[in-house]
Every structure is written in C-alpha cells, then in structure tokens.
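To start, the structure under review is shown below, and the notes come after it.
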Amino acid sequence: MRFLLWLLLGYIGFRIIKSLLAGAHKPEKTVLAGSETFQDPVCGIYVTPEDATVGRLEGQRIYFCSRECLDKYQEKLNSGSI
Ligand SMILES: [Zn+2]
C-alpha cells in the first residue's frame, strides 16, 4: 500500500510541474503604457512593432528583435524542431 501512496504523490507532483511548465511556455503578449510589445520567440526579448523585424507564419505576424532571430526561427521551422 505504501508503494501506491508514493506513486500517487509522484503523479500529483508530476502534474503540478507539468502545468507550471505549460504556463511558462505560453506565448506572452504584454501591454506596456499603451504600446503593445511582443516577445521574440528566439531570444525572449520584448520588442515593439515599430522596432521589430516582422515574420509571417500561416497568416500570423511574429515579431523578432533582429533579422538574425527571424532567420534562426525559420531554420528551426525548416528543421521541424518547433
Ligand atoms: Zn531576438
């Protein structure tokens, strides 16, 4: 019976960690002082649409801090790791 209890605790812990990770990996969109910022999915920097390099993916606009990050993102897409 003790083994089952540990198994249950382990399962609950696993679920909690998994939900925390899922929450942390949600695409973030923050509104700061009236101007919208977007997170660069490659390096994690927040950019405003005016300063960003804009990539397009399936009709969605994705904002990057630089051309290099856009290129890296496209490389990742092409290699299938996203
Ligand atoms: Zn970047």
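Naming scheme: A, B, ... for chains in displayed order of the structure tokens; residues 1 onward per chain; ligands 1 onward as shown.
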
Discussion item. Neighbouring residues of Leu57 (chain A) were defined as those with any atom within 12 Å, considering only C-alpha atoms; residues of the same chain fewer than 2 positions away were excluded. Please report them as number ranges by chain.
Written reply: A: 54-55, 59-63, 70, 73-74, 77

Selection from above, C-alpha atoms, as a compact mmCIF listing (two decimals), in the first residue's frame, can you write it?
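Final file, selection01.txt:
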```txt
# COMPACT_ATOMS: atom_id res chain seq x y z
CA VAL A 54 8.24 41.06 -38.65
CA GLY A 55 7.97 37.49 -39.83
CA GLY A 59 -1.10 34.48 -41.72
CA GLN A 60 0.20 35.29 -38.22
CA ARG A 61 2.64 38.10 -37.61
CA ILE A 62 5.63 37.18 -35.46
CA TYR A 63 7.91 39.88 -34.12
CA LEU A 70 13.98 35.69 -37.79
CA TYR A 73 13.35 30.86 -36.28
CA GLN A 74 12.86 29.92 -39.92
CA LEU A 77 10.82 25.61 -38.55
```

Worksheet item: Tell me, which residues of chain A carry DSSP strand (DSSP E or B), written as a list of chain:residue names?
Response: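 The strand (DSSP E or B) residues within chain A come out as A:Lys29, A:Thr30, A:Val31, A:Leu32, A:Ser35, A:Glu36, A:Thr37, A:Phe38, A:Gln39, A:Tyr46, A:Val47, A:Thr53, A:Val54, A:Gly55, A:Arg56, A:Leu57, A:Gln60, A:Arg61, A:Ile62, A:Tyr63, A:Phe64.
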
Item to complete: Could you tell me, counting only C-alpha atoms and all ligand atoms, which protein and nucleic acid residues lie no more than 12 Å from ligand 1, written as a list in words?
Response: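 Result of the 12 Å neighbour search around ligand 1: Phe38, Gln39, Asp40, Pro41, Val42, Cys43, Gly44, Ile45, Tyr46, Val47, Asp51, Ala52, Thr53, Val54, Ile62, Tyr63, Phe64, Cys65, Ser66, Arg67, Glu68, Cys69, Leu70, Asp71, Lys72 and Tyr73 of chain A.
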
Those residues with C-alpha atoms, as an mmCIF file, in the first residue's frame please?
```
data_model
loop_
_atom_site.group_PDB
_atom_site.id
_atom_site.type_symbol
_atom_site.label_atom_id
_atom_site.label_comp_id
_atom_site.auth_asym_id
_atom_site.auth_seq_id
_atom_site.Cartn_x
_atom_site.Cartn_y
_atom_site.Cartn_z
ATOM 1 C CA PHE A 38 5.713 41.158 -28.394
ATOM 2 C CA GLN A 39 8.178 38.550 -27.256
ATOM 3 C CA ASP A 40 10.829 37.424 -29.661
ATOM 4 C CA PRO A 41 10.358 33.610 -29.632
ATOM 5 C CA VAL A 42 14.067 33.035 -30.307
ATOM 6 C CA CYS A 43 15.886 35.136 -27.695
ATOM 7 C CA GLY A 44 12.953 36.151 -25.453
ATOM 8 C CA ILE A 45 13.454 39.911 -25.759
ATOM 9 C CA TYR A 46 10.356 42.103 -25.848
ATOM 10 C CA VAL A 47 10.003 44.271 -28.915
ATOM 11 C CA ASP A 51 11.308 48.304 -33.738
ATOM 12 C CA ALA A 52 10.640 44.705 -34.657
ATOM 13 C CA THR A 53 11.532 42.614 -37.641
ATOM 14 C CA VAL A 54 8.236 41.061 -38.653
ATOM 15 C CA ILE A 62 5.626 37.184 -35.458
ATOM 16 C CA TYR A 63 7.908 39.883 -34.122
ATOM 17 C CA PHE A 64 11.673 39.462 -33.794
ATOM 18 C CA CYS A 65 14.341 41.767 -32.385
ATOM 19 C CA SER A 66 16.521 41.321 -35.431
ATOM 20 C CA ARG A 67 16.875 39.706 -38.817
ATOM 21 C CA GLU A 68 19.186 37.069 -37.254
ATOM 22 C CA CYS A 69 16.448 35.871 -34.916
ATOM 23 C CA LEU A 70 13.981 35.693 -37.791
ATOM 24 C CA ASP A 71 16.468 33.596 -39.749
ATOM 25 C CA LYS A 72 17.087 31.309 -36.757
ATOM 26 C CA TYR A 73 13.351 30.856 -36.275
#
```

Item to complete: From chain A, collect each residue whose DSSP state is helix (DSSP H, G or I) and return the set as number ranges by chain.
Response: A: 2-24, 67-79

Worksheet entry | Å distance separating CA of Ser19 (chain A) from CA of Trp6 (chain A), one decimal place |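 Going from CA of Ser19 (chain A) over to CA of Trp6 (chain A) covers 19.9 Å.
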
Worksheet item: Which of these residues is nearest to Ser35 (chain A), using only C-alpha atoms: A:Ile16, A:Thr48, A:Gly23, A:Phe3?
Response: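 Between A:Ile16, A:Thr48, A:Gly23, A:Phe3, the residue approaching Ser35 (chain A) most closely is A:Thr48.
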